[in-house]
$ cat my_file.cif   # mmCIF, C-alpha atoms
data_run
#
loop_
_atom_site.label_atom_id
_atom_site.label_comp_id
_atom_site.auth_asym_id
_atom_site.auth_seq_id
_atom_site.Cartn_x
_atom_site.Cartn_y
_atom_site.Cartn_z
CA MET A 218 0.24 -10.13 -19.95
CA HIS A 219 2.80 -9.84 -17.18
CA ILE A 220 5.04 -6.95 -16.33
CA SER A 221 8.63 -7.92 -16.99
CA GLU A 222 11.71 -7.29 -14.89
CA GLY A 223 13.48 -3.98 -14.65
CA VAL A 224 10.55 -1.61 -15.14
CA LEU A 225 8.95 -0.99 -11.77
CA PRO A 226 10.42 0.89 -8.81
CA LEU A 227 11.19 -0.74 -5.46
CA THR A 228 8.07 0.61 -3.73
CA THR A 229 5.70 -0.96 -6.25
CA LEU A 230 7.61 -4.24 -6.22
CA SER A 231 7.57 -4.48 -2.43
CA ALA A 232 3.95 -3.40 -2.16
CA GLY A 233 3.07 -6.12 -4.68
CA TYR A 234 4.97 -8.70 -2.67
CA ALA A 235 3.45 -7.61 0.64
CA LEU A 236 -0.15 -7.71 -0.64
CA SER A 237 0.34 -10.99 -2.50
CA ALA A 238 1.98 -12.54 0.55
CA ALA A 239 -1.06 -11.54 2.63
CA GLY A 240 -3.41 -13.00 -0.02
CA THR A 241 -1.36 -16.18 -0.19
CA ALA A 242 -1.27 -16.56 3.60
CA ILE A 243 -5.07 -16.26 3.77
CA GLY A 244 -5.36 -18.69 0.86
CA LEU A 245 -3.08 -21.23 2.53
CA LYS A 246 -5.21 -21.12 5.68
CA HIS A 247 -8.25 -22.01 3.59
CA ILE A 248 -6.62 -25.02 1.94
CA ARG A 249 -7.43 -27.96 4.15
CA GLU A 250 -5.22 -31.00 3.88
CA ASP A 251 -7.70 -32.78 1.64
CA ARG A 252 -7.75 -29.84 -0.76
CA ILE A 253 -3.99 -29.56 -1.35
CA VAL A 254 -4.06 -31.91 -4.33
CA ARG A 255 -7.14 -30.29 -5.84
CA THR A 256 -5.84 -26.74 -5.58
CA ALA A 257 -2.50 -27.76 -7.09
CA MET A 258 -4.20 -29.60 -9.93
CA MET A 259 -6.53 -26.71 -10.70
CA SER A 260 -3.42 -24.56 -10.83
CA SER A 261 -1.61 -26.88 -13.24
CA THR A 262 -4.69 -27.01 -15.47
CA PHE A 263 -4.80 -23.22 -15.43
CA PHE A 264 -1.13 -23.20 -16.44
CA VAL A 265 -1.71 -25.63 -19.31
CA ALA A 266 -4.90 -23.87 -20.50
CA SER A 267 -2.95 -20.63 -20.85
CA PHE A 268 -1.10 -22.24 -23.77
CA ILE A 269 -4.30 -22.10 -25.85
CA HIS A 270 -4.30 -19.31 -28.39
CA VAL A 271 -7.60 -18.10 -29.82
CA PRO A 272 -7.41 -16.41 -33.21
CA ILE A 273 -8.83 -12.91 -33.62
CA GLY A 274 -8.56 -11.89 -37.24
CA PRO A 275 -4.91 -12.10 -38.26
CA ALA A 276 -3.57 -12.12 -34.68
CA ASN A 277 -4.34 -14.32 -31.71
CA VAL A 278 -4.59 -13.96 -27.94
CA HIS A 279 -3.62 -16.44 -25.30
CA LEU A 280 -6.19 -17.14 -22.63
CA VAL A 281 -5.79 -15.96 -19.04
CA LEU A 282 -8.93 -17.33 -17.39
CA ASN A 283 -8.24 -15.85 -13.97
CA GLY A 284 -11.97 -15.35 -13.41
CA LEU A 285 -12.57 -19.06 -13.98
CA VAL A 286 -9.72 -20.00 -11.64
CA GLY A 287 -11.24 -17.68 -9.03
CA LEU A 288 -14.55 -19.53 -9.28
CA LEU A 289 -12.92 -22.96 -9.12
CA THR A 290 -10.41 -22.34 -6.33
CA GLY A 291 -12.20 -19.66 -4.32
CA ARG A 292 -10.29 -18.09 -1.49
CA SER A 293 -7.15 -20.05 -2.32
CA CYS A 294 -6.84 -18.39 -5.74
CA PHE A 295 -3.78 -16.37 -4.68
CA VAL A 296 -1.96 -19.65 -4.07
CA ALA A 297 -3.20 -21.30 -7.28
CA ILE A 298 -2.27 -18.30 -9.42
CA GLY A 299 0.95 -17.55 -7.54
CA ILE A 300 2.54 -20.96 -8.07
CA ALA A 301 1.64 -20.93 -11.76
CA LEU A 302 3.37 -17.55 -12.07
CA VAL A 303 6.48 -18.78 -10.20
CA MET A 304 6.72 -21.53 -12.78
CA GLN A 305 6.25 -19.15 -15.69
CA ALA A 306 8.88 -16.80 -14.30
CA LEU A 307 11.47 -19.49 -13.57
CA LEU A 308 11.03 -21.78 -16.54
CA LEU A 309 9.52 -19.75 -19.35
CA GLN A 310 10.77 -16.23 -18.55
CA PHE A 311 7.26 -14.76 -18.61
CA GLY A 312 7.09 -11.97 -16.05
CA GLY A 313 9.86 -12.33 -13.51
CA ILE A 314 10.95 -12.97 -9.96
CA THR A 315 11.10 -9.37 -8.77
CA THR A 316 7.71 -8.65 -10.38
CA LEU A 317 6.16 -11.88 -9.09
CA GLY A 318 4.32 -10.09 -6.28
CA VAL A 319 2.84 -7.42 -8.52
CA ASN A 320 1.89 -9.87 -11.26
CA THR A 321 0.25 -12.25 -8.78
CA LEU A 322 -1.69 -9.39 -7.24
CA ASN A 323 -2.81 -8.12 -10.66
CA MET A 324 -4.26 -11.49 -11.59
CA ALA A 325 -5.40 -12.94 -8.28
CA LEU A 326 -7.14 -9.90 -6.77
CA PRO A 327 -9.68 -9.68 -9.66
CA ALA A 328 -10.09 -13.47 -9.45
CA LEU A 329 -10.89 -13.26 -5.73
CA PHE A 330 -13.21 -10.31 -6.33
CA CYS A 331 -15.14 -12.21 -9.03
CA PHE A 332 -15.37 -15.26 -6.79
CA LEU A 333 -16.88 -13.21 -3.98
CA ILE A 334 -19.42 -11.56 -6.30
CA PHE A 335 -20.44 -14.45 -8.54
CA SER A 336 -19.89 -17.65 -6.58
CA PRO A 337 -22.84 -17.36 -4.14
CA GLY A 338 -25.30 -16.90 -7.03
CA ILE A 339 -23.71 -19.58 -9.19
CA SER A 340 -23.48 -22.28 -6.52
CA ARG A 341 -27.11 -21.81 -5.53
CA GLY A 342 -28.20 -21.85 -9.18
CA LYS A 343 -29.68 -18.37 -8.84
CA ILE A 344 -28.02 -16.87 -11.93
CA PRO A 345 -27.89 -18.55 -15.35
CA LEU A 346 -24.39 -19.91 -16.00
CA PHE A 347 -23.56 -18.41 -19.38
CA PRO A 348 -24.17 -14.72 -18.54
CA ALA A 349 -22.52 -15.22 -15.15
CA GLY A 350 -19.42 -16.67 -16.78
CA LEU A 351 -19.39 -14.00 -19.47
CA LEU A 352 -19.47 -11.23 -16.88
CA CYS A 353 -17.01 -12.98 -14.58
CA GLY A 354 -14.48 -13.60 -17.36
CA ALA A 355 -14.78 -10.13 -18.87
CA LEU A 356 -14.73 -8.34 -15.53
CA SER A 357 -11.71 -10.23 -14.21
CA SER A 358 -9.68 -9.54 -17.36
CA LEU A 359 -10.72 -5.90 -17.38
CA LEU A 360 -9.72 -5.47 -13.73
CA SER A 361 -6.43 -7.28 -14.34
CA ALA A 362 -5.63 -5.06 -17.31
CA LEU A 363 -6.51 -1.96 -15.26
CA LEU A 364 -4.30 -3.08 -12.35
CA LEU A 365 -1.49 -3.85 -14.81
CA SER A 366 -1.70 -0.39 -16.34
CA LEU A 367 -1.96 1.19 -12.93
CA SER A 368 1.21 -0.58 -11.74
CA LEU A 369 3.02 0.55 -14.89
CA THR A 370 2.16 4.19 -14.18
CA THR A 371 3.83 3.93 -10.76
CA ALA A 372 7.13 3.79 -12.67
CA GLY A 373 6.66 7.44 -13.65
CA GLU A 374 4.51 9.71 -15.76
CA ALA A 375 6.50 8.79 -18.86
CA PHE A 376 5.00 5.30 -18.68
CA LEU A 377 1.44 6.60 -19.08
CA PRO A 378 1.28 6.06 -22.88
CA ALA A 379 2.72 2.55 -22.47
CA ALA A 380 0.10 1.83 -19.80
CA LYS A 381 -2.68 2.99 -22.13
CA LEU A 382 -1.29 0.90 -24.98
CA VAL A 383 -1.16 -2.20 -22.75
CA LEU A 384 -4.75 -1.60 -21.62
CA LEU A 385 -5.88 -1.25 -25.24
CA ALA A 386 -4.06 -4.42 -26.27
CA ASN A 387 -5.86 -6.31 -23.51
CA LEU A 388 -9.37 -5.34 -24.60
CA PRO A 389 -9.84 -8.14 -27.19
CA LEU A 390 -8.78 -10.59 -24.49
CA MET A 391 -11.64 -9.36 -22.33
CA VAL A 392 -14.18 -10.42 -24.94
CA VAL A 393 -12.55 -13.79 -25.60
CA ASP A 394 -12.01 -14.59 -21.92
CA GLY A 395 -15.61 -13.65 -21.17
CA LEU A 396 -17.05 -15.86 -23.91
CA ILE A 397 -14.78 -18.77 -23.01
CA THR A 398 -15.58 -18.54 -19.29
CA GLY A 399 -19.31 -18.42 -20.13
CA PHE A 400 -19.16 -21.59 -22.24
CA VAL A 401 -16.86 -23.37 -19.77
CA LEU A 402 -19.36 -22.74 -16.96
CA LEU A 403 -22.20 -24.08 -19.15
CA PHE A 404 -20.12 -27.19 -19.80
CA ILE A 405 -19.13 -27.73 -16.17
CA GLY A 406 -22.71 -27.07 -15.08
CA LYS A 407 -23.83 -29.98 -17.27
CA VAL A 408 -20.96 -32.39 -16.69
CA LYS A 409 -19.78 -31.84 -13.13
CA PRO A 410 -21.95 -29.25 -11.34
CA GLU A 411 -20.42 -29.96 -7.91
CA MET A 412 -17.20 -28.27 -9.11
CA LEU A 413 -19.00 -24.93 -8.89
CA LYS A 414 -19.80 -25.34 -5.20
CA PRO A 415 -17.07 -23.91 -2.98
CA MET B 506 5.22 -30.85 -22.59
CA ARG B 507 8.85 -30.17 -21.80
CA LEU B 508 9.41 -27.37 -19.36
CA GLU B 509 12.78 -27.95 -17.75
CA THR B 510 14.41 -27.34 -21.08
CA PHE B 511 17.74 -26.18 -19.71
CA SER B 512 18.04 -28.49 -16.73
CA ASP B 513 19.87 -31.40 -18.33
CA GLY B 514 23.45 -30.76 -19.18
CA ASN B 515 26.85 -31.41 -17.72
CA SER B 516 28.32 -27.95 -17.23
CA VAL B 517 29.79 -26.67 -13.96
CA LEU B 518 26.57 -24.78 -13.27
CA HIS B 519 24.46 -27.92 -13.57
CA ALA B 520 26.59 -29.58 -10.92
CA LEU B 521 26.30 -26.80 -8.33
CA ASP B 522 24.18 -27.02 -5.20
CA PRO B 523 20.74 -25.53 -6.01
CA ARG B 524 20.73 -23.68 -2.67
CA VAL B 525 23.91 -21.86 -3.67
CA LYS B 526 22.42 -21.05 -7.05
CA LEU B 527 19.33 -19.50 -5.46
CA PHE B 528 21.54 -17.69 -2.95
CA VAL B 529 23.56 -16.12 -5.77
CA TYR B 530 20.60 -15.62 -8.11
CA LEU B 531 18.37 -13.48 -5.89
CA PRO B 532 20.82 -10.65 -5.04
CA PHE B 533 21.90 -10.38 -8.68
CA VAL B 534 18.32 -10.18 -9.90
CA ILE B 535 17.36 -7.58 -7.31
CA LEU B 536 20.48 -5.56 -8.02
CA THR B 537 19.82 -5.57 -11.76
CA ALA B 538 16.10 -4.89 -11.47
CA LEU B 539 16.57 -1.83 -9.28
CA THR B 540 19.57 -0.12 -10.80
CA GLY B 541 19.14 3.02 -12.89
CA GLU B 542 22.69 3.03 -14.24
CA LEU B 543 23.54 1.85 -17.71
CA LEU B 544 27.08 0.93 -16.59
CA VAL B 545 25.87 -1.34 -13.76
CA THR B 546 23.38 -2.97 -16.11
CA ALA B 547 26.07 -3.54 -18.72
CA ALA B 548 28.36 -5.17 -16.14
CA ALA B 549 25.50 -7.39 -14.97
CA LEU B 550 24.71 -8.26 -18.58
CA VAL B 551 28.31 -9.35 -19.17
CA THR B 552 28.13 -11.51 -16.02
CA GLY B 553 24.83 -12.97 -17.22
CA LEU B 554 26.27 -13.72 -20.66
CA LEU B 555 29.33 -15.39 -19.12
CA LEU B 556 27.13 -17.53 -16.85
CA ALA B 557 24.78 -18.45 -19.68
CA GLY B 558 27.82 -19.30 -21.80
CA THR B 559 29.13 -21.54 -19.01
CA ALA B 560 25.78 -23.32 -18.81
CA ARG B 561 26.00 -23.97 -22.55
CA PRO B 562 22.27 -23.88 -23.25
CA TYR B 563 20.92 -24.74 -26.64
CA GLY B 564 21.37 -21.58 -28.68
CA LYS B 565 18.16 -21.62 -30.67
CA LEU B 566 16.00 -22.25 -27.64
CA LEU B 567 17.77 -19.53 -25.68
CA LEU B 568 17.00 -17.01 -28.43
CA LYS B 569 13.37 -18.13 -28.47
CA ARG B 570 13.07 -17.52 -24.74
CA LEU B 571 14.70 -14.12 -25.04
CA ALA B 572 12.24 -13.24 -27.81
CA VAL B 573 9.42 -13.81 -25.31
CA VAL B 574 11.10 -11.43 -22.87
CA ASN B 575 11.43 -8.77 -25.53
CA PHE B 576 7.79 -8.91 -26.62
CA PHE B 577 6.79 -6.75 -23.65
CA MET B 578 9.65 -4.39 -24.48
CA ALA B 579 7.95 -3.52 -27.77
CA PHE B 580 5.30 -1.63 -25.80
CA LEU B 581 8.01 0.43 -24.11
CA TRP B 582 9.99 1.16 -27.30
CA LEU B 583 6.76 2.31 -28.98
CA THR B 584 5.94 4.82 -26.26
CA LEU B 585 8.84 5.76 -23.97
CA PRO B 586 11.08 7.54 -26.54
CA PHE B 587 8.22 9.96 -27.16
CA SER B 588 6.91 10.39 -23.64
CA VAL B 589 10.13 11.10 -21.71
CA GLU B 590 11.09 14.78 -21.63
CA GLY B 591 14.59 15.67 -22.76
CA GLU B 592 16.91 16.50 -25.60
CA THR B 593 15.13 15.96 -28.92
CA VAL B 594 16.96 13.72 -31.39
CA LEU B 595 14.24 13.28 -33.97
CA ASN B 596 11.41 15.69 -34.66
CA LEU B 597 8.39 14.30 -36.47
CA SER B 598 6.28 17.49 -36.25
CA PHE B 599 3.81 16.15 -33.65
CA LEU B 600 6.09 13.53 -32.07
CA LYS B 601 9.46 14.26 -30.52
CA MET B 602 11.85 11.42 -29.89
CA THR B 603 14.16 12.18 -26.99
CA ARG B 604 17.62 10.92 -26.13
CA GLU B 605 16.56 10.26 -22.53
CA GLY B 606 13.56 8.24 -23.70
CA LEU B 607 15.69 6.07 -25.96
CA LEU B 608 18.23 5.54 -23.18
CA LEU B 609 15.50 4.54 -20.71
CA SER B 610 14.05 2.01 -23.20
CA LEU B 611 17.54 0.62 -23.79
CA LEU B 612 18.20 0.40 -20.04
CA ILE B 613 14.99 -1.50 -19.33
CA THR B 614 15.51 -3.85 -22.26
CA LEU B 615 19.05 -4.67 -21.12
CA LYS B 616 17.87 -5.20 -17.55
CA ALA B 617 15.11 -7.61 -18.58
CA ASN B 618 17.43 -9.60 -20.82
CA THR B 619 20.13 -9.75 -18.16
CA ILE B 620 17.70 -11.16 -15.62
CA ALA B 621 16.41 -13.69 -18.15
CA LEU B 622 19.98 -14.86 -18.74
CA PHE B 623 20.56 -15.21 -14.98
CA THR B 624 17.31 -17.16 -14.65
CA ILE B 625 18.26 -19.59 -17.38
CA ALA B 626 21.83 -20.00 -16.14
CA LEU B 627 21.15 -20.41 -12.41
CA PRO B 628 17.77 -21.83 -11.35
CA GLY B 629 17.19 -22.96 -14.93
CA THR B 630 20.05 -25.45 -14.75
CA SER B 631 18.52 -27.29 -11.78
CA THR B 632 15.55 -29.61 -12.00
CA VAL B 633 12.30 -28.37 -10.50
CA ILE B 634 12.38 -31.18 -7.95
CA ALA B 635 15.86 -30.12 -6.81
CA LEU B 636 14.68 -26.51 -6.60
CA SER B 637 11.63 -27.38 -4.55
CA HIS B 638 13.84 -29.33 -2.16
CA ALA B 639 16.16 -26.34 -2.01
CA MET B 640 13.14 -24.17 -1.16
CA LEU B 641 12.34 -26.47 1.78
CA HIS B 642 15.94 -26.20 2.98
CA LEU B 643 15.62 -22.41 2.72
CA ARG B 644 12.59 -22.50 5.07
CA ILE B 645 9.79 -21.80 2.59
CA PRO B 646 6.55 -23.09 4.25
CA GLU B 647 6.06 -26.80 3.71
CA LYS B 648 2.50 -26.47 2.46
CA VAL B 649 3.64 -24.16 -0.34
CA VAL B 650 6.36 -26.56 -1.40
CA THR B 651 4.00 -29.54 -1.31
CA LEU B 652 1.52 -27.62 -3.43
CA PHE B 653 4.25 -26.63 -5.83
CA TYR B 654 5.39 -30.22 -6.05
CA PHE B 655 1.89 -31.49 -6.94
CA PHE B 656 1.43 -28.58 -9.31
CA TYR B 657 4.60 -29.49 -11.14
CA ARG B 658 3.88 -33.20 -11.14
CA TYR B 659 0.45 -32.73 -12.71
CA ILE B 660 1.47 -30.19 -15.32
CA GLY B 661 3.04 -33.13 -17.09
CA VAL B 662 -0.13 -35.22 -16.83
CA THR B 663 -2.47 -32.36 -17.76
CA GLY B 664 -0.11 -31.41 -20.59
CA ASP B 665 -0.31 -34.95 -22.01
CA GLU B 666 -4.09 -34.77 -21.75
CA TYR B 667 -4.00 -31.42 -23.54
CA GLU B 668 -1.92 -32.84 -26.38
CA LYS B 669 -4.10 -35.93 -26.70
CA MET B 670 -7.28 -33.87 -26.86
CA GLY B 671 -5.60 -31.54 -29.36
CA GLN B 672 -4.90 -34.49 -31.66
CA MET B 673 -8.50 -35.57 -31.25
CA LEU B 674 -9.69 -32.16 -32.45
CA LYS B 675 -7.31 -32.34 -35.40
CA ALA B 676 -8.50 -35.82 -36.32
CA ARG B 677 -12.04 -34.48 -36.45
CA GLY B 678 -10.97 -31.72 -38.84
CA PHE B 679 -11.10 -28.81 -36.40
CA ARG B 680 -9.34 -25.62 -37.45
CA ALA B 681 -9.11 -22.54 -35.26
CA LEU B 682 -10.82 -19.59 -36.95
CA THR B 683 -12.20 -16.29 -35.72
CA GLY B 684 -15.73 -16.96 -34.56
CA VAL B 685 -18.06 -18.30 -31.93
CA HIS B 686 -17.66 -21.89 -33.09
CA THR B 687 -13.93 -21.89 -32.33
CA VAL B 688 -14.53 -20.20 -28.99
CA ARG B 689 -17.15 -22.78 -28.05
CA VAL B 690 -14.94 -25.72 -29.04
CA TYR B 691 -12.03 -24.32 -27.03
CA ALA B 692 -14.31 -23.64 -24.06
CA TYR B 693 -15.58 -27.25 -23.98
CA PHE B 694 -11.98 -28.38 -24.41
CA ILE B 695 -10.92 -26.33 -21.38
CA GLY B 696 -13.98 -27.41 -19.44
CA MET B 697 -13.11 -31.06 -20.07
CA LEU B 698 -9.51 -30.41 -19.04
CA PHE B 699 -10.68 -28.94 -15.72
CA VAL B 700 -13.27 -31.68 -15.13
CA ARG B 701 -10.69 -34.41 -15.74
CA SER B 702 -8.18 -32.71 -13.41
CA TYR B 703 -10.85 -32.35 -10.75
CA GLU B 704 -11.74 -36.02 -10.93
CA ARG B 705 -8.10 -37.02 -11.02
CA SER B 706 -7.37 -34.91 -7.95
CA GLU B 707 -9.98 -36.90 -6.03
CA ARG B 708 -8.55 -40.24 -7.14
CA VAL B 709 -5.01 -39.14 -6.36
CA TYR B 710 -5.99 -37.80 -2.96
CA ASN B 711 -7.79 -41.03 -2.05
CA ALA B 712 -4.80 -43.06 -3.17
CA LEU B 713 -2.50 -40.87 -1.10
CA VAL B 714 -4.66 -41.18 2.03
CA MET B 715 -4.63 -44.95 1.67
CA ARG B 716 -0.86 -44.82 1.68
CA GLY B 717 -0.75 -42.71 4.80
CA PHE B 718 -0.20 -39.26 3.28
CA GLU B 719 -0.32 -36.51 5.89
CA GLY B 720 0.05 -33.44 3.74
CA ARG B 721 3.82 -33.51 3.34
CA PHE B 722 6.56 -35.45 1.64
CA PRO B 723 9.69 -36.59 3.43
CA MET B 724 12.81 -34.91 2.05
CA LEU B 725 14.82 -37.32 -0.03
CA LEU B 726 17.41 -35.02 -1.51
CA HIS B 727 19.98 -33.82 0.96
CA PHE B 728 22.47 -31.33 -0.25
CA SER B 729 26.04 -31.02 0.94
CA LEU B 730 28.19 -28.04 0.11
CA GLN B 731 31.19 -28.93 -2.03
CA PRO B 732 34.34 -26.82 -2.39
CA ARG B 733 33.17 -25.77 -5.87
CA ASP B 734 29.95 -24.36 -4.35
CA MET B 735 31.96 -22.25 -1.91
CA VAL B 736 34.25 -21.03 -4.70
CA PHE B 737 31.28 -20.13 -6.88
CA ALA B 738 29.49 -18.28 -4.05
CA THR B 739 32.66 -16.35 -3.18
CA VAL B 740 33.46 -15.39 -6.76
CA MET B 741 29.89 -14.30 -7.43
CA SER B 742 29.72 -12.26 -4.22
CA ALA B 743 32.92 -10.51 -5.25
CA VAL B 744 31.44 -9.80 -8.68
CA ALA B 745 28.24 -8.47 -7.13
CA ILE B 746 30.14 -6.16 -4.80
CA SER B 747 32.35 -4.82 -7.58
CA ILE B 748 29.31 -4.17 -9.74
CA LEU B 749 27.74 -2.29 -6.83
CA LEU B 750 30.90 -0.18 -6.46
CA LEU B 751 30.98 0.76 -10.16
#
$ encode --input "my_file.cif" --output "structure tokens"
Amino acid sequence: MHISEGVLPLTTLSAGYALSAAGTAIGLKHIREDRIVRTAMMSSTFFVASFIHVPIGPANVHLVLNGLVGLLTGRSCFVAIGIALVMQALLLQFGGITTLGVNTLNMALPALFCFLIFSPGISRGKIPLFPAGLLCGALSSLLSALLLSLSLTTAGEAFLPAAKLVLLANLPLMVVDGLITGFVLLFIGKVKPEMLKP
Amino acid sequence: MRLETFSDGNSVLHALDPRVKLFVYLPFVILTALTGELLVTAAALVTGLLLAGTARPYGKLLLKRLAVVNFFMAFLWLTLPFSVEGETVLNLSFLKMTREGLLLSLLITLKANTIALFTIALPGTSTVIALSHAMLHLRIPEKVVTLFYFFYRYIGVTGDEYEKMGQMLKARGFRALTGVHTVRVYAYFIGMLFVRSYERSERVYNALVMRGFEGRFPMLLHFSLQPRDMVFATVMSAVAISILLL
């Protein structure tokens, strides 16, 4: 879930932009010329995959998969996630332009974190893929939801209940994203294992 | 997968220079996002409605997009009226609804909708390719724009793949239910989508190298400011200043 326009104060918005810009600059440095196409395509696949809705009882959740994107794009995940969010903000009115920095940070920082923790073990085959994916997916969604709630509370104490409600609403997603990431890693491990090497 | 839903049309806004549209769009969005005044927001909303009316977007689709914007607002309407301190308007023994809380929810909802209208009416009426060219002209780093261009180009391809694979699932009698089976099917679906994109990215890159690609595209679209662009920029600046002075 993205924070929409008009909620956050200037300081949070600019801090989000500053940190995301730093993350993006580092990411851009890591994208060699021969990786431009791959990073962009991983990003468009991420964008398309987020249209999938998984039913949970009577409701359904749409997938985020930022942990998976972190594993597949590594240090350039700020770029991969950022451009997908620009597109969502401009064309689909999810999130927004002023909140782009904050939203990118909320999704890409956990993705980068999960990449740094899990990727060394996964690429060397040291940890089994399913549990690694499960943890990576669940942890990245949990961290994203926490960051999202945290940024909401910067708008004032009155936003605390809303922040808690948003966090609660994101918990089912954690389970689904974890399971999906686990199975996706199993699949990629069988079909195209070199994708998991940075 | 159709994304540029509002970009084809023949209104005045469609004909404007995308650089001018971005130039007008950003200050209005920032102004609206940061204001705390209901009056300023209302004035911006009227401007947004007028612009969206000029762009003549398809009504049903516009409402659908605005519904997406207002989904997040539900979380605020459910909590803010009770959590903001102020004059009580409704007392439900343990919950107190305050006037200030209601006003704050209203303000944020109006702001979000106003910005959505601006987004549909200004950048939304240009094609993504025109916008990415405009970004280059506005000195956004070339690598970012090239990435964005590839990203956009392959959303279409990946989207077609997604639809084709979706039909395949349907043909095999798959129905999404709550349970591990559905999750596993979707996960393999996503895995295949990523594997295919990965392999395609290698083929595309090799094909590009063979054709002498050096990490950037030459600019093909050159914009020239027309009198109507100047008029639009002037009028909108005047509107922005008068809203600021309200």
$ residues_around --input "my_file.cif" --residues "Leu608 in chain B" --least-positions-apart "6" --cutoff "12 Å" --atoms "only C-alpha atoms" --output "number ranges by chain"
B: 541-544, 581-582, 585-587, 589-592, 594, 602, 614-615
$ write_last_selection --input "my_file.cif" --atoms "C-alpha atoms" --output "tab-separated table (two decimals), in the coordinates of the input"
chain	number	residue	atom	x	y	z
B	541	GLY	CA	19.14	3.02	-12.89
B	542	GLU	CA	22.69	3.03	-14.24
B	543	LEU	CA	23.54	1.85	-17.71
B	544	LEU	CA	27.08	0.93	-16.59
B	581	LEU	CA	8.01	0.43	-24.11
B	582	TRP	CA	9.99	1.16	-27.30
B	585	LEU	CA	8.84	5.76	-23.97
B	586	PRO	CA	11.08	7.54	-26.54
B	587	PHE	CA	8.22	9.96	-27.16
B	589	VAL	CA	10.13	11.10	-21.71
B	590	GLU	CA	11.09	14.78	-21.63
B	591	GLY	CA	14.59	15.67	-22.76
B	592	GLU	CA	16.91	16.50	-25.60
B	594	VAL	CA	16.96	13.72	-31.39
B	602	MET	CA	11.85	11.42	-29.89
B	614	THR	CA	15.51	-3.85	-22.26
B	615	LEU	CA	19.05	-4.67	-21.12
$ interface_residues --input "my_file.cif" --of "chain A" --to "chain B" --cutoff "7 Å" --atoms "all atoms listed in the file" --output "PyMOL selection string"
chain A and resi 221-224+226-227+250+253-255+257-262+265-266+272-274+300+307-311+315+375-376+378-379+397+400-401+404-405+409
$ write_last_selection --input "my_file.cif" --atoms "C-alpha atoms" --output "mmCIF file, in the coordinates of the input"
data_model
loop_
_atom_site.group_PDB
_atom_site.id
_atom_site.type_symbol
_atom_site.label_atom_id
_atom_site.label_comp_id
_atom_site.auth_asym_id
_atom_site.auth_seq_id
_atom_site.Cartn_x
_atom_site.Cartn_y
_atom_site.Cartn_z
ATOM 1 C CA SER A 221 8.630 -7.920 -16.990
ATOM 2 C CA GLU A 222 11.710 -7.290 -14.890
ATOM 3 C CA GLY A 223 13.480 -3.980 -14.650
ATOM 4 C CA VAL A 224 10.550 -1.610 -15.140
ATOM 5 C CA PRO A 226 10.420 0.890 -8.810
ATOM 6 C CA LEU A 227 11.190 -0.740 -5.460
ATOM 7 C CA GLU A 250 -5.220 -31.000 3.880
ATOM 8 C CA ILE A 253 -3.990 -29.560 -1.350
ATOM 9 C CA VAL A 254 -4.060 -31.910 -4.330
ATOM 10 C CA ARG A 255 -7.140 -30.290 -5.840
ATOM 11 C CA ALA A 257 -2.500 -27.760 -7.090
ATOM 12 C CA MET A 258 -4.200 -29.600 -9.930
ATOM 13 C CA MET A 259 -6.530 -26.710 -10.700
ATOM 14 C CA SER A 260 -3.420 -24.560 -10.830
ATOM 15 C CA SER A 261 -1.610 -26.880 -13.240
ATOM 16 C CA THR A 262 -4.690 -27.010 -15.470
ATOM 17 C CA VAL A 265 -1.710 -25.630 -19.310
ATOM 18 C CA ALA A 266 -4.900 -23.870 -20.500
ATOM 19 C CA PRO A 272 -7.410 -16.410 -33.210
ATOM 20 C CA ILE A 273 -8.830 -12.910 -33.620
ATOM 21 C CA GLY A 274 -8.560 -11.890 -37.240
ATOM 22 C CA ILE A 300 2.540 -20.960 -8.070
ATOM 23 C CA LEU A 307 11.470 -19.490 -13.570
ATOM 24 C CA LEU A 308 11.030 -21.780 -16.540
ATOM 25 C CA LEU A 309 9.520 -19.750 -19.350
ATOM 26 C CA GLN A 310 10.770 -16.230 -18.550
ATOM 27 C CA PHE A 311 7.260 -14.760 -18.610
ATOM 28 C CA THR A 315 11.100 -9.370 -8.770
ATOM 29 C CA ALA A 375 6.500 8.790 -18.860
ATOM 30 C CA PHE A 376 5.000 5.300 -18.680
ATOM 31 C CA PRO A 378 1.280 6.060 -22.880
ATOM 32 C CA ALA A 379 2.720 2.550 -22.470
ATOM 33 C CA ILE A 397 -14.780 -18.770 -23.010
ATOM 34 C CA PHE A 400 -19.160 -21.590 -22.240
ATOM 35 C CA VAL A 401 -16.860 -23.370 -19.770
ATOM 36 C CA PHE A 404 -20.120 -27.190 -19.800
ATOM 37 C CA ILE A 405 -19.130 -27.730 -16.170
ATOM 38 C CA LYS A 409 -19.780 -31.840 -13.130
#
$ atom_distance --input "my_file.cif" --atom1 "CA of Leu322 in chain A" --atom2 "CA of Val278 in chain A"
21.4 Å
$ resolve_selection --input "my_file.cif" --expression "the PyMOL selection byres ((chain A and resi 283) around 12)" --output "ChimeraX atom specification"
/A:218,259-260,262-264,266-267,280-282,284-291,294-295,297-299,301-302,321-332,350,353-362,390-391,394-395,397-398
$ residues_near_point --input "my_file.cif" --point "(28.9, -2.5, -6.6)" --cutoff "12 Å" --atoms "all atoms listed in the file" --output "list in words"
Pro532, Phe533, Leu536, Thr537, Thr540, Glu542, Leu544, Val545, Thr546, Ala548, Ala549, Met741, Ser742, Ala743, Val744, Ala745, Ile746, Ser747, Ile748, Leu749, Leu750 and Leu751 of chain B
$ atom_distance --input "my_file.cif" --atom1 "CA of Thr256 in chain A" --atom2 "CA of Glu411 in chain A"
15.1 Å
